[in-house]
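Structure file structure_9.pdb with PDB, C-alpha atoms:
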ATOM      1  CA  MET A  24     -46.991 -84.298 -17.902
ATOM      2  CA  ASN A  25     -48.475 -84.441 -14.397
ATOM      3  CA  ASP A  26     -52.161 -84.175 -13.510
ATOM      4  CA  VAL A  27     -51.973 -80.451 -12.767
ATOM      5  CA  ASP A  28     -50.415 -79.767 -16.163
ATOM      6  CA  GLN A  29     -53.116 -81.835 -17.852
ATOM      7  CA  ILE A  30     -55.851 -79.893 -16.073
ATOM      8  CA  LEU A  31     -54.269 -76.628 -17.182
ATOM      9  CA  LEU A  32     -54.086 -77.973 -20.724
ATOM     10  CA  PHE A  33     -57.774 -78.812 -20.529
ATOM     11  CA  TYR A  34     -58.573 -75.255 -19.472
ATOM     12  CA  ALA A  35     -56.428 -73.871 -22.268
ATOM     13  CA  ILE A  36     -58.040 -76.070 -24.904
ATOM     14  CA  THR A  37     -61.601 -75.296 -23.889
ATOM     15  CA  ASN A  38     -61.161 -71.588 -23.278
ATOM     16  CA  ARG A  39     -59.072 -70.913 -26.385
ATOM     17  CA  ARG A  40     -60.801 -73.231 -28.849
ATOM     18  CA  ASP A  41     -62.055 -70.311 -30.945
ATOM     19  CA  ARG A  42     -58.460 -69.231 -31.599
ATOM     20  CA  LEU A  43     -57.218 -72.574 -32.901
ATOM     21  CA  GLY A  44     -56.499 -73.082 -36.573
ATOM     22  CA  ASP A  45     -58.322 -75.772 -38.522
ATOM     23  CA  GLU A  46     -55.248 -78.005 -38.491
ATOM     24  CA  ASN A  47     -55.238 -78.043 -34.680
ATOM     25  CA  LEU A  48     -58.978 -78.298 -34.140
ATOM     26  CA  LEU A  49     -59.157 -82.093 -34.340
ATOM     27  CA  ASP A  50     -56.268 -82.485 -31.897
ATOM     28  CA  ALA A  51     -57.972 -80.093 -29.487
ATOM     29  CA  GLU A  52     -61.264 -81.978 -29.683
ATOM     30  CA  GLU A  53     -59.482 -85.273 -29.080
ATOM     31  CA  GLY A  54     -57.679 -83.710 -26.128
ATOM     32  CA  ILE A  55     -60.926 -82.485 -24.590
ATOM     33  CA  THR A  56     -62.555 -85.891 -25.045
ATOM     34  CA  SER A  57     -59.590 -87.715 -23.543
ATOM     35  CA  LEU A  58     -59.435 -85.457 -20.498
ATOM     36  CA  LEU A  59     -63.190 -85.609 -19.915
ATOM     37  CA  ARG A  60     -63.019 -89.384 -19.891
ATOM     38  CA  LYS A  61     -60.308 -89.169 -17.249
ATOM     39  CA  TRP A  62     -62.013 -86.434 -15.214
ATOM     40  CA  PRO A  63     -65.773 -86.662 -15.911
ATOM     41  CA  ASP A  64     -66.484 -84.313 -13.005
ATOM     42  CA  MET A  65     -65.040 -81.528 -15.148
ATOM     43  CA  LYS A  66     -67.936 -81.786 -17.587
ATOM     44  CA  ALA A  67     -69.127 -78.318 -16.534
ATOM     45  CA  LYS A  68     -66.199 -76.914 -18.522
ATOM     46  CA  LEU A  69     -68.290 -77.769 -21.577
ATOM     47  CA  HIS A  70     -70.330 -74.664 -20.770
ATOM     48  CA  VAL A  71     -67.779 -72.716 -22.803
ATOM     49  CA  CYS A  72     -69.058 -74.673 -25.807
ATOM     50  CA  PHE A  73     -72.419 -72.945 -25.528
ATOM     51  CA  ASN A  74     -73.836 -72.080 -28.948
ATOM     52  CA  GLN A  75     -71.376 -74.406 -30.666
ATOM     53  CA  PRO A  76     -72.460 -77.611 -32.413
ATOM     54  CA  LEU A  77     -70.370 -80.281 -30.719
ATOM     55  CA  PRO A  78     -68.263 -82.602 -32.894
ATOM     56  CA  LEU A  79     -69.663 -86.136 -32.803
ATOM     57  CA  PRO A  80     -67.158 -87.769 -30.387
ATOM     58  CA  LEU A  81     -67.541 -84.891 -27.932
ATOM     59  CA  ARG A  82     -71.324 -84.892 -28.366
ATOM     60  CA  GLN A  83     -71.485 -88.608 -27.616
ATOM     61  CA  LEU A  84     -69.360 -88.190 -24.504
ATOM     62  CA  ALA A  85     -71.172 -85.055 -23.296
ATOM     63  CA  TRP A  86     -74.573 -86.728 -23.563
ATOM     64  CA  GLN A  87     -73.218 -89.783 -21.765
ATOM     65  CA  LEU A  88     -71.758 -87.707 -18.919
ATOM     66  CA  TYR A  89     -74.750 -85.438 -18.413
ATOM     67  CA  LEU A  90     -77.304 -88.248 -18.686
ATOM     68  CA  ASP A  91     -75.362 -90.640 -16.501
ATOM     69  CA  ASN A  92     -77.438 -92.928 -14.281
ATOM     70  CA  THR A  93     -75.680 -96.165 -13.440
ATOM     71  CA  LYS A  94     -78.705 -97.473 -11.509
ATOM     72  CA  VAL A  95     -80.831 -97.422 -14.660
ATOM     73  CA  ARG A  96     -78.211 -99.194 -16.727
ATOM     74  CA  LYS A  97     -77.445-101.754 -14.008
ATOM     75  CA  LYS A  98     -81.124-102.611 -13.587
ATOM     76  CA  TYR A  99     -81.550-103.067 -17.336
ATOM     77  CA  VAL A 100     -78.446-105.241 -17.724
ATOM     78  CA  GLU A 101     -79.400-107.409 -14.741
ATOM     79  CA  LEU A 102     -82.886-107.837 -16.166
ATOM     80  CA  LEU A 103     -81.472-108.957 -19.500
ATOM     81  CA  ASN A 104     -79.238-111.466 -17.748
ATOM     82  CA  ASN A 105     -81.842-112.866 -15.354
ATOM     83  CA  ASN A 106     -85.229-112.353 -16.983
ATOM     84  CA  PRO A 107     -84.913-110.892 -20.504
ATOM     85  CA  ARG A 108     -88.625-111.302 -21.204
ATOM     86  CA  ALA A 109     -89.351-108.708 -18.511
ATOM     87  CA  ALA A 110     -87.466-106.108 -20.562
ATOM     88  CA  ILE A 111     -89.912-106.530 -23.426
ATOM     89  CA  SER A 112     -93.314-104.859 -23.460
ATOM     90  CA  SER A 113     -96.526-106.797 -23.941
ATOM     91  CA  GLN A 114     -97.079-104.332 -26.796
ATOM     92  CA  ASP A 115     -93.703-105.034 -28.383
ATOM     93  CA  LEU A 116     -95.200-105.828 -31.787
ATOM     94  CA  ASP A 117     -97.074-102.524 -31.950
ATOM     95  CA  ILE A 118     -94.003-100.649 -30.742
ATOM     96  CA  SER A 119     -91.920-102.327 -33.445
ATOM     97  CA  SER A 120     -94.425-101.308 -36.110
ATOM     98  CA  HIS A 121     -94.496 -97.700 -34.930
ATOM     99  CA  CYS A 122     -90.687 -97.504 -34.841
ATOM    100  CA  GLU A 123     -90.370 -98.903 -38.340
ATOM    101  CA  GLU A 124     -93.037 -96.606 -39.747
ATOM    102  CA  LEU A 125     -91.550 -93.512 -38.129
ATOM    103  CA  LEU A 126     -87.988 -94.189 -39.277
ATOM    104  CA  LEU A 127     -89.179 -94.840 -42.819
ATOM    105  CA  SER A 128     -91.575 -91.922 -43.152
ATOM    106  CA  GLU A 129     -90.148 -88.907 -41.293
ATOM    107  CA  PRO A 130     -87.939 -86.858 -43.682
ATOM    108  CA  THR A 131     -85.737 -85.455 -40.909
ATOM    109  CA  PHE A 132     -84.726 -89.009 -39.902
ATOM    110  CA  SER A 133     -83.315 -89.849 -43.338
ATOM    111  CA  ASN A 134     -79.933 -90.931 -41.944
ATOM    112  CA  LEU A 135     -81.642 -93.732 -39.999
ATOM    113  CA  LYS A 136     -83.957 -94.880 -42.772
ATOM    114  CA  GLY A 137     -83.380 -98.529 -43.617
ATOM    115  CA  SER A 138     -80.932 -99.096 -40.747
ATOM    116  CA  ILE A 139     -81.616-102.437 -39.071
ATOM    117  CA  GLY A 140     -79.403-101.479 -36.147
ATOM    118  CA  ALA A 141     -81.210 -98.184 -35.561
ATOM    119  CA  PHE A 142     -84.600 -99.883 -35.727
ATOM    120  CA  TYR A 143     -83.708-102.607 -33.231
ATOM    121  CA  ALA A 144     -82.065-100.151 -30.845
ATOM    122  CA  MET A 145     -85.072 -97.830 -30.899
ATOM    123  CA  LYS A 146     -87.499-100.710 -30.467
ATOM    124  CA  ALA A 147     -85.503-102.151 -27.557
ATOM    125  CA  ILE A 148     -85.383 -98.806 -25.728
ATOM    126  CA  LEU A 149     -89.077 -98.070 -26.132
ATOM    127  CA  SER A 150     -90.240-101.612 -25.428
ATOM    128  CA  TYR A 151     -88.335-101.606 -22.146
ATOM    129  CA  TYR A 152     -89.531 -98.070 -21.387
ATOM    130  CA  HIS A 153     -93.155 -99.119 -21.833
ATOM    131  CA  SER A 154     -92.603-102.267 -19.775
ATOM    132  CA  SER A 155     -91.112-100.205 -16.942
ATOM    133  CA  LYS A 156     -94.119 -97.868 -16.902
ATOM    134  CA  LYS A 157     -96.405-100.798 -16.025
ATOM    135  CA  THR A 158     -99.351 -99.405 -17.932
ATOM    136  CA  SER A 159    -101.820-101.036 -20.273
ATOM    137  CA  GLY A 160    -102.007 -97.916 -22.401
ATOM    138  CA  PRO A 161     -99.757 -97.395 -25.430
ATOM    139  CA  LEU A 162     -96.743 -95.140 -25.623
ATOM    140  CA  SER A 163     -97.435 -91.625 -26.832
ATOM    141  CA  GLY A 164     -96.214 -90.374 -30.177
ATOM    142  CA  ILE A 165     -93.932 -88.014 -28.268
ATOM    143  CA  ASP A 166     -92.156 -90.973 -26.638
ATOM    144  CA  TYR A 167     -91.221 -92.277 -30.076
ATOM    145  CA  LEU A 168     -89.987 -88.900 -31.277
ATOM    146  CA  LEU A 169     -87.843 -88.275 -28.205
ATOM    147  CA  ALA A 170     -86.010 -91.580 -28.657
ATOM    148  CA  VAL A 171     -84.748 -90.657 -32.120
ATOM    149  CA  PRO A 172     -81.984 -88.138 -31.233
ATOM    150  CA  PHE A 173     -80.296 -90.740 -29.035
ATOM    151  CA  ILE A 174     -80.318 -93.248 -31.889
ATOM    152  CA  GLU A 175     -78.983 -90.613 -34.284
ATOM    153  CA  VAL A 176     -76.078 -89.665 -32.015
ATOM    154  CA  ALA A 177     -75.147 -93.331 -31.504
ATOM    155  CA  SER A 178     -75.642 -94.280 -35.167
ATOM    156  CA  SER A 179     -71.909 -94.163 -35.948
ATOM    157  CA  LYS A 180     -71.472 -97.054 -33.495
ATOM    158  CA  ILE A 181     -74.422 -99.057 -34.822
ATOM    159  CA  SER A 182     -74.333-101.308 -37.876
ATOM    160  CA  ARG A 183     -76.972-100.650 -40.515
ATOM    161  CA  ARG A 184     -77.181-104.362 -41.291
ATOM    162  CA  GLU A 185     -77.559-106.015 -37.902
ATOM    163  CA  PRO A 186     -78.968-105.274 -34.429
ATOM    164  CA  ALA A 187     -77.074-102.857 -32.209
ATOM    165  CA  PRO A 188     -74.606-104.311 -29.673
ATOM    166  CA  GLY A 189     -75.994-104.881 -26.195
ATOM    167  CA  HIS A 190     -73.666-102.395 -24.500
ATOM    168  CA  ILE A 191     -74.770 -99.636 -26.894
ATOM    169  CA  VAL A 192     -78.440-100.368 -26.227
ATOM    170  CA  ALA A 193     -77.765-100.330 -22.473
ATOM    171  CA  LEU A 194     -76.136 -96.905 -22.786
ATOM    172  CA  LEU A 195     -79.060 -95.616 -24.852
ATOM    173  CA  VAL A 196     -81.522 -96.923 -22.261
ATOM    174  CA  GLU A 197     -79.579 -95.084 -19.560
ATOM    175  CA  GLU A 198     -79.528 -91.804 -21.497
ATOM    176  CA  PHE A 199     -83.150 -91.978 -22.634
ATOM    177  CA  PHE A 200     -84.538 -92.849 -19.201
ATOM    178  CA  THR A 201     -82.499 -90.089 -17.548
ATOM    179  CA  PHE A 202     -83.620 -87.535 -20.108
ATOM    180  CA  MET A 203     -87.275 -88.510 -19.759
ATOM    181  CA  SER A 204     -87.196 -88.387 -15.957
ATOM    182  CA  THR A 205     -85.558 -84.952 -15.795
ATOM    183  CA  ARG A 206     -87.777 -83.087 -18.260
ATOM    184  CA  PRO A 207     -89.519 -79.918 -17.056
ATOM    185  CA  SER A 208     -93.193 -80.422 -16.207
ATOM    186  CA  TYR A 209     -94.406 -78.428 -19.204
ATOM    187  CA  MET A 210     -92.696 -80.949 -21.496
ATOM    188  CA  GLU A 211     -94.358 -83.927 -19.827
ATOM    189  CA  ASP A 212     -97.934 -82.752 -19.343
ATOM    190  CA  LEU A 213    -100.344 -84.022 -21.981
ATOM    191  CA  LYS A 214    -102.733 -81.179 -21.269
ATOM    192  CA  PRO A 215    -101.885 -77.838 -22.891
ATOM    193  CA  LYS A 216    -103.427 -75.838 -20.044
ATOM    194  CA  ASN A 217    -101.143 -75.869 -17.000
ATOM    195  CA  GLU A 218     -99.353 -73.250 -14.955
ATOM    196  CA  GLY A 219     -95.851 -74.352 -15.940
ATOM    197  CA  LEU A 220     -96.643 -74.097 -19.630
ATOM    198  CA  LYS A 221     -98.408 -70.779 -19.120
ATOM    199  CA  ALA A 222     -95.324 -69.261 -17.472
ATOM    200  CA  PHE A 223     -93.132 -70.740 -20.194
ATOM    201  CA  CYS A 224     -95.305 -69.275 -22.960
ATOM    202  CA  THR A 225     -95.333 -65.889 -21.263
ATOM    203  CA  LYS A 226     -91.552 -65.782 -21.641
ATOM    204  CA  VAL A 227     -91.845 -66.785 -25.293
ATOM    205  CA  ALA A 228     -94.412 -64.040 -25.882
ATOM    206  CA  ASN A 229     -92.261 -61.450 -24.107
ATOM    207  CA  HIS A 230     -89.297 -62.308 -26.336
ATOM    208  CA  ILE A 231     -91.419 -61.958 -29.454
ATOM    209  CA  LEU A 232     -93.060 -58.710 -28.357
ATOM    210  CA  ALA A 233     -89.674 -57.206 -27.502
ATOM    211  CA  ARG A 234     -87.721 -58.442 -30.510
ATOM    212  CA  SER A 235     -90.181 -58.906 -33.348
ATOM    213  CA  PRO A 236     -93.514 -57.082 -32.981
ATOM    214  CA  GLU A 237     -94.268 -57.998 -36.586
ATOM    215  CA  THR A 238     -94.217 -61.684 -35.650
ATOM    216  CA  SER A 239     -96.660 -61.099 -32.802
ATOM    217  CA  LYS A 240     -98.894 -59.215 -35.223
ATOM    218  CA  VAL A 241     -98.867 -62.107 -37.695
ATOM    219  CA  ILE A 242     -99.670 -64.622 -34.935
ATOM    220  CA  VAL A 243    -102.521 -62.502 -33.584
ATOM    221  CA  GLU A 244    -104.014 -62.015 -37.050
ATOM    222  CA  ALA A 245    -103.813 -65.745 -37.752
ATOM    223  CA  PHE A 246    -105.448 -66.824 -34.496
ATOM    224  CA  ALA A 247    -107.829 -63.990 -33.670
ATOM    225  CA  SER A 248    -111.530 -64.606 -34.149
ATOM    226  CA  ALA A 249    -113.717 -62.057 -35.882
ATOM    227  CA  LYS A 250    -114.891 -60.900 -32.451
ATOM    228  CA  ASP A 251    -111.304 -60.410 -31.253
ATOM    229  CA  LYS A 252    -110.371 -58.535 -34.413
ATOM    230  CA  ASN A 253    -113.249 -56.125 -33.873
ATOM    231  CA  LYS A 254    -111.956 -55.305 -30.390
ATOM    232  CA  ALA A 255    -108.445 -54.578 -31.680
ATOM    233  CA  SER A 256    -107.223 -53.393 -28.276
ATOM    234  CA  ASP A 257    -103.747 -54.055 -26.895
ATOM    235  CA  ALA A 258    -105.213 -56.147 -24.084
ATOM    236  CA  ALA A 259    -107.281 -58.221 -26.510
ATOM    237  CA  ASN A 260    -104.284 -58.742 -28.782
ATOM    238  CA  GLU A 261    -102.088 -59.828 -25.874
ATOM    239  CA  ALA A 262    -104.737 -62.332 -24.783
ATOM    240  CA  VAL A 263    -104.943 -63.748 -28.307
ATOM    241  CA  LEU A 264    -101.144 -63.886 -28.535
ATOM    242  CA  ALA A 265    -100.859 -65.742 -25.221
ATOM    243  CA  ASP A 266    -103.458 -68.315 -26.250
ATOM    244  CA  ALA A 267    -101.981 -68.720 -29.730
ATOM    245  CA  ILE A 268     -98.466 -69.251 -28.418
ATOM    246  CA  GLU A 269     -99.707 -71.961 -26.053
ATOM    247  CA  GLN A 270    -101.265 -73.764 -29.009
ATOM    248  CA  LEU A 271     -98.130 -73.373 -31.108
ATOM    249  CA  VAL A 272     -95.585 -74.099 -28.399
ATOM    250  CA  HIS A 273     -97.099 -77.093 -26.626
ATOM    251  CA  PRO A 274     -96.524 -79.773 -29.302
ATOM    252  CA  THR A 275     -93.173 -78.284 -30.278
ATOM    253  CA  ILE A 276     -91.697 -78.173 -26.796
ATOM    254  CA  ARG A 277     -93.088 -81.585 -25.822
ATOM    255  CA  SER A 278     -91.193 -83.113 -28.740
ATOM    256  CA  MET A 279     -88.148 -80.890 -28.099
ATOM    257  CA  PHE A 280     -88.251 -79.851 -31.772
ATOM    258  CA  VAL A 281     -87.940 -83.426 -33.064
ATOM    259  CA  GLY A 282     -89.561 -83.466 -36.497
ATOM    260  CA  TYR A 283     -89.815 -79.666 -36.601
ATOM    261  CA  VAL A 284     -86.264 -78.836 -37.722
ATOM    262  CA  ASN A 285     -83.567 -80.684 -39.640
ATOM    263  CA  MET A 286     -81.313 -83.060 -37.733
ATOM    264  CA  ASP A 287     -78.253 -80.789 -37.595
ATOM    265  CA  VAL A 288     -80.227 -77.947 -36.023
ATOM    266  CA  LEU A 289     -82.039 -80.385 -33.741
ATOM    267  CA  LEU A 290     -78.827 -81.845 -32.340
ATOM    268  CA  TYR A 291     -77.408 -78.345 -31.905
ATOM    269  CA  ILE A 292     -80.436 -77.450 -29.737
ATOM    270  CA  TRP A 293     -80.156 -80.697 -27.798
ATOM    271  CA  ASP A 294     -76.431 -80.120 -27.222
ATOM    272  CA  GLN A 295     -77.205 -76.798 -25.545
ATOM    273  CA  TYR A 296     -80.022 -78.307 -23.487
ATOM    274  CA  ILE A 297     -77.901 -81.207 -22.269
ATOM    275  CA  ILE A 298     -74.740 -79.280 -21.367
ATOM    276  CA  GLY A 299     -76.981 -76.882 -19.444
ATOM    277  CA  LEU A 300     -78.535 -79.581 -17.267
ATOM    278  CA  ASP A 301     -76.306 -78.642 -14.333
ATOM    279  CA  ALA A 302     -76.776 -74.867 -14.676
ATOM    280  CA  PRO A 303     -79.613 -73.659 -12.395
ATOM    281  CA  GLY A 304     -82.211 -71.648 -14.270
ATOM    282  CA  PHE A 305     -80.626 -72.163 -17.682
ATOM    283  CA  HIS A 306     -83.462 -74.131 -19.263
ATOM    284  CA  ASP A 307     -86.050 -71.683 -17.981
ATOM    285  CA  GLU A 308     -84.380 -69.074 -20.185
ATOM    286  CA  PHE A 309     -82.892 -71.117 -23.026
ATOM    287  CA  LEU A 310     -85.979 -73.005 -24.190
ATOM    288  CA  PRO A 311     -88.320 -69.971 -24.328
ATOM    289  CA  ALA A 312     -85.658 -68.099 -26.302
ATOM    290  CA  VAL A 313     -85.298 -70.959 -28.783
ATOM    291  CA  LEU A 314     -89.078 -71.234 -29.167
ATOM    292  CA  ALA A 315     -89.298 -67.506 -29.816
ATOM    293  CA  ILE A 316     -86.557 -67.757 -32.441
ATOM    294  CA  TYR A 317     -88.317 -70.719 -34.012
ATOM    295  CA  LEU A 318     -91.616 -68.840 -34.311
ATOM    296  CA  MET A 319     -89.838 -65.845 -35.795
ATOM    297  CA  LEU A 320     -88.094 -68.057 -38.328
ATOM    298  CA  VAL A 321     -91.336 -69.727 -39.301
ATOM    299  CA  LYS A 322     -92.929 -66.340 -39.795
ATOM    300  CA  GLU A 323     -90.099 -65.061 -41.951
ATOM    301  CA  ASN A 324     -89.495 -68.339 -43.814
ATOM    302  CA  LEU A 325     -86.038 -68.521 -42.214
ATOM    303  CA  ARG A 326     -84.949 -65.144 -43.607
ATOM    304  CA  ALA A 327     -84.584 -63.620 -40.132
ATOM    305  CA  ALA A 328     -82.164 -66.275 -38.890
ATOM    306  CA  GLU A 329     -79.151 -63.985 -38.811
ATOM    307  CA  THR A 330     -80.871 -61.169 -36.962
ATOM    308  CA  VAL A 331     -82.991 -62.843 -34.304
ATOM    309  CA  SER A 332     -80.762 -65.442 -32.665
ATOM    310  CA  ARG A 333     -78.187 -63.018 -31.310
ATOM    311  CA  TYR A 334     -80.818 -61.154 -29.295
ATOM    312  CA  PHE A 335     -80.983 -64.055 -26.854
ATOM    313  CA  LEU A 336     -77.898 -66.218 -27.173
ATOM    314  CA  GLU A 337     -75.376 -63.742 -25.808
ATOM    315  CA  ASP A 338     -77.380 -63.382 -22.580
ATOM    316  CA  LEU A 339     -77.736 -67.153 -22.292
ATOM    317  CA  GLU A 340     -74.013 -67.566 -22.836
ATOM    318  CA  LYS A 341     -73.386 -65.276 -19.857
ATOM    319  CA  LEU A 342     -75.739 -67.379 -17.730
ATOM    320  CA  LEU A 343     -73.809 -70.566 -18.491
ATOM    321  CA  ASN A 344     -70.352 -69.004 -18.279
ATOM    322  CA  ALA A 345     -70.784 -66.705 -15.309
ATOM    323  CA  ASP A 346     -67.502 -67.934 -13.826
ATOM    324  CA  THR A 347     -65.593 -68.308 -17.075
ATOM    325  CA  LYS A 348     -63.274 -65.575 -18.269
ATOM    326  CA  ALA A 349     -63.175 -66.613 -21.907
ATOM    327  CA  ALA A 350     -66.020 -68.121 -23.876
ATOM    328  CA  LEU A 351     -66.649 -68.998 -27.483
ATOM    329  CA  PRO A 352     -68.091 -66.497 -29.958
ATOM    330  CA  THR A 353     -71.823 -66.540 -30.560
ATOM    331  CA  LEU A 354     -72.779 -68.368 -33.742
ATOM    332  CA  ASP A 355     -76.074 -68.713 -35.558
ATOM    333  CA  PRO A 356     -77.105 -72.400 -35.731
ATOM    334  CA  THR A 357     -79.402 -71.766 -38.677
ATOM    335  CA  LEU A 358     -76.589 -70.685 -40.973
ATOM    336  CA  GLY A 359     -74.224 -72.927 -42.904
TER     337      GLY A 359
END
How does the structure come out when it is put into structure tokens?
Amino acid sequence: MNDVDQILLFYAITNRRDRLGDENLLDAEEGITSLLRKWPDMKAKLHVCFNQPLPLPLRQLAWQLYLDNTKVRKKYVELLNNNPRAAISSQDLDISSHCEELLLSEPTFSNLKGSIGAFYAMKAILSYYHSSKKTSGPLSGIDYLLAVPFIEVASSKISRREPAPGHIVALLVEEFFTFMSTRPSYMEDLKPKNEGLKAFCTKVANHILARSPETSKVIVEAFASAKDKNKASDAANEAVLADAIEQLVHPTIRSMFVGYVNMDVLLYIWDQYIIGLDAPGFHDEFLPAVLAIYLMLVKENLRAAETVSRYFLEDLEKLLNADTKAALPTLDPTLG
């Protein structure tokens, strides 16, 4: 089969994946992975996987391709070879303690609990990250949380009984540093009051007002002061809703849902975020929609999962696949 035929096969596999039987699904996934390794520039074809949890091998490759930064990896590897002490933070002991405590205590990280390899990989990434920041202050709790999904995705390649291989740690450093440096401003800012976050929360509020007025009512009632409740005007309620959503959204979006949802749902959300990195405007729509869904689910104790997600995901799918004739069916990540 020549290169042209292989490219056509790649298109056929990605665009017709929803029509494949279970017996052919594994072969299709292996075919996609193989072709992406050969032609990494075709990673944008993964947009047709929007709203699909990626199988582990494809997830690992997709994250690697979209978070590629050879300069970061090269600098880290050269540092290890020439001056390994410089890759270790002066606060390495504290970082180690925080990593160990987090992996042992957070219920949603249960797969990593007790894994020596996961612990050493996480500690190595964060120690080098802190060292590179050249600050005397400690890492934030958010930094620790954001490192975990990368460890989870790589965990199948990491022994539970011994430290992770150097090439795996180097890849994780590359992915983590790239992710951290490309975050939207409202995810980075420590202060809840900023224009980027305000615009973000406005979109979240608009989704909730349009799709679930009952949720907005619950939020307003929970956050409104006695004075606000006495006013009971639409304008007053909207002001309370806007302020409440900022308070609710800021910690959740800064951690990108780490610790707020179970690991399967978390990695599903991260898959969508990462394969949308090259789609202009995608994150400005995707993340507010997910936050709105999350708040609705919290309000309804997850009972509204089937009804709320489809309000947004079909529009987001169109944004990612504007030039794609066939895309995958919309699924609900909270089911099954």
Going by the chain IDs and residue numbers used in this file, which residues fall under the PyMOL selection byres ((chain A and resi 184-196) around 6)? Write them as a PyMOL selection string.
chain A and resi 96+139-140+143-144+148+181-183+197-200
Could you tell me which residues the PyMOL selection byres ((chain A and resi 98) around 12) returns for this structure, as a list in words?
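On the file shown, the PyMOL selection byres ((chain A and resi 98) around 12) covers Asn92, Thr93, Lys94, Val95, Arg96, Lys97, Tyr99, Val100, Glu101, Leu102, Leu103, Asn104, Asn105, Asn106, Pro107, Ala109, Ala110, Tyr151, Ser155, Ala193, Leu194, Val196, Glu197 and Phe200 of chain A.
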Measure the distance from CA of Gln295 in chain A to CA of Asp307 in chain A in Å and round it to one decimal.
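Taking CA of Gln295 in chain A as the start and CA of Asp307 in chain A as the end point, the length is 12.7 Å.
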Distance criterion (all atoms listed in the file): nearest to Lys221 in chain A out of A:Lys322, A:Lys68, A:His273, A:His306:
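Comparing A:Lys322, A:Lys68, A:His273, A:His306 against Lys221 in chain A, the winner is A:His273.
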Could you list the residues chosen by the PyMOL selection byres ((chain A and resi 165-167) around 10) in this structure as a PDB file with C-alpha atoms, in the frame of the given file?
ATOM      1  CA  ILE A 118     -94.003-100.649 -30.742  1.00  0.00           C
ATOM      2  CA  HIS A 121     -94.496 -97.700 -34.930  1.00  0.00           C
ATOM      3  CA  CYS A 122     -90.687 -97.504 -34.841  1.00  0.00           C
ATOM      4  CA  LEU A 125     -91.550 -93.512 -38.129  1.00  0.00           C
ATOM      5  CA  LEU A 126     -87.988 -94.189 -39.277  1.00  0.00           C
ATOM      6  CA  MET A 145     -85.072 -97.830 -30.899  1.00  0.00           C
ATOM      7  CA  LYS A 146     -87.499-100.710 -30.467  1.00  0.00           C
ATOM      8  CA  ILE A 148     -85.383 -98.806 -25.728  1.00  0.00           C
ATOM      9  CA  LEU A 149     -89.077 -98.070 -26.132  1.00  0.00           C
ATOM     10  CA  TYR A 152     -89.531 -98.070 -21.387  1.00  0.00           C
ATOM     11  CA  HIS A 153     -93.155 -99.119 -21.833  1.00  0.00           C
ATOM     12  CA  LEU A 162     -96.743 -95.140 -25.623  1.00  0.00           C
ATOM     13  CA  SER A 163     -97.435 -91.625 -26.832  1.00  0.00           C
ATOM     14  CA  GLY A 164     -96.214 -90.374 -30.177  1.00  0.00           C
ATOM     15  CA  LEU A 168     -89.987 -88.900 -31.277  1.00  0.00           C
ATOM     16  CA  LEU A 169     -87.843 -88.275 -28.205  1.00  0.00           C
ATOM     17  CA  ALA A 170     -86.010 -91.580 -28.657  1.00  0.00           C
ATOM     18  CA  VAL A 171     -84.748 -90.657 -32.120  1.00  0.00           C
ATOM     19  CA  PHE A 199     -83.150 -91.978 -22.634  1.00  0.00           C
ATOM     20  CA  MET A 203     -87.275 -88.510 -19.759  1.00  0.00           C
ATOM     21  CA  MET A 210     -92.696 -80.949 -21.496  1.00  0.00           C
ATOM     22  CA  GLU A 211     -94.358 -83.927 -19.827  1.00  0.00           C
ATOM     23  CA  LEU A 213    -100.344 -84.022 -21.981  1.00  0.00           C
ATOM     24  CA  PRO A 274     -96.524 -79.773 -29.302  1.00  0.00           C
ATOM     25  CA  THR A 275     -93.173 -78.284 -30.278  1.00  0.00           C
ATOM     26  CA  ARG A 277     -93.088 -81.585 -25.822  1.00  0.00           C
ATOM     27  CA  SER A 278     -91.193 -83.113 -28.740  1.00  0.00           C
ATOM     28  CA  MET A 279     -88.148 -80.890 -28.099  1.00  0.00           C
ATOM     29  CA  VAL A 281     -87.940 -83.426 -33.064  1.00  0.00           C
TER      30      VAL A 281
END
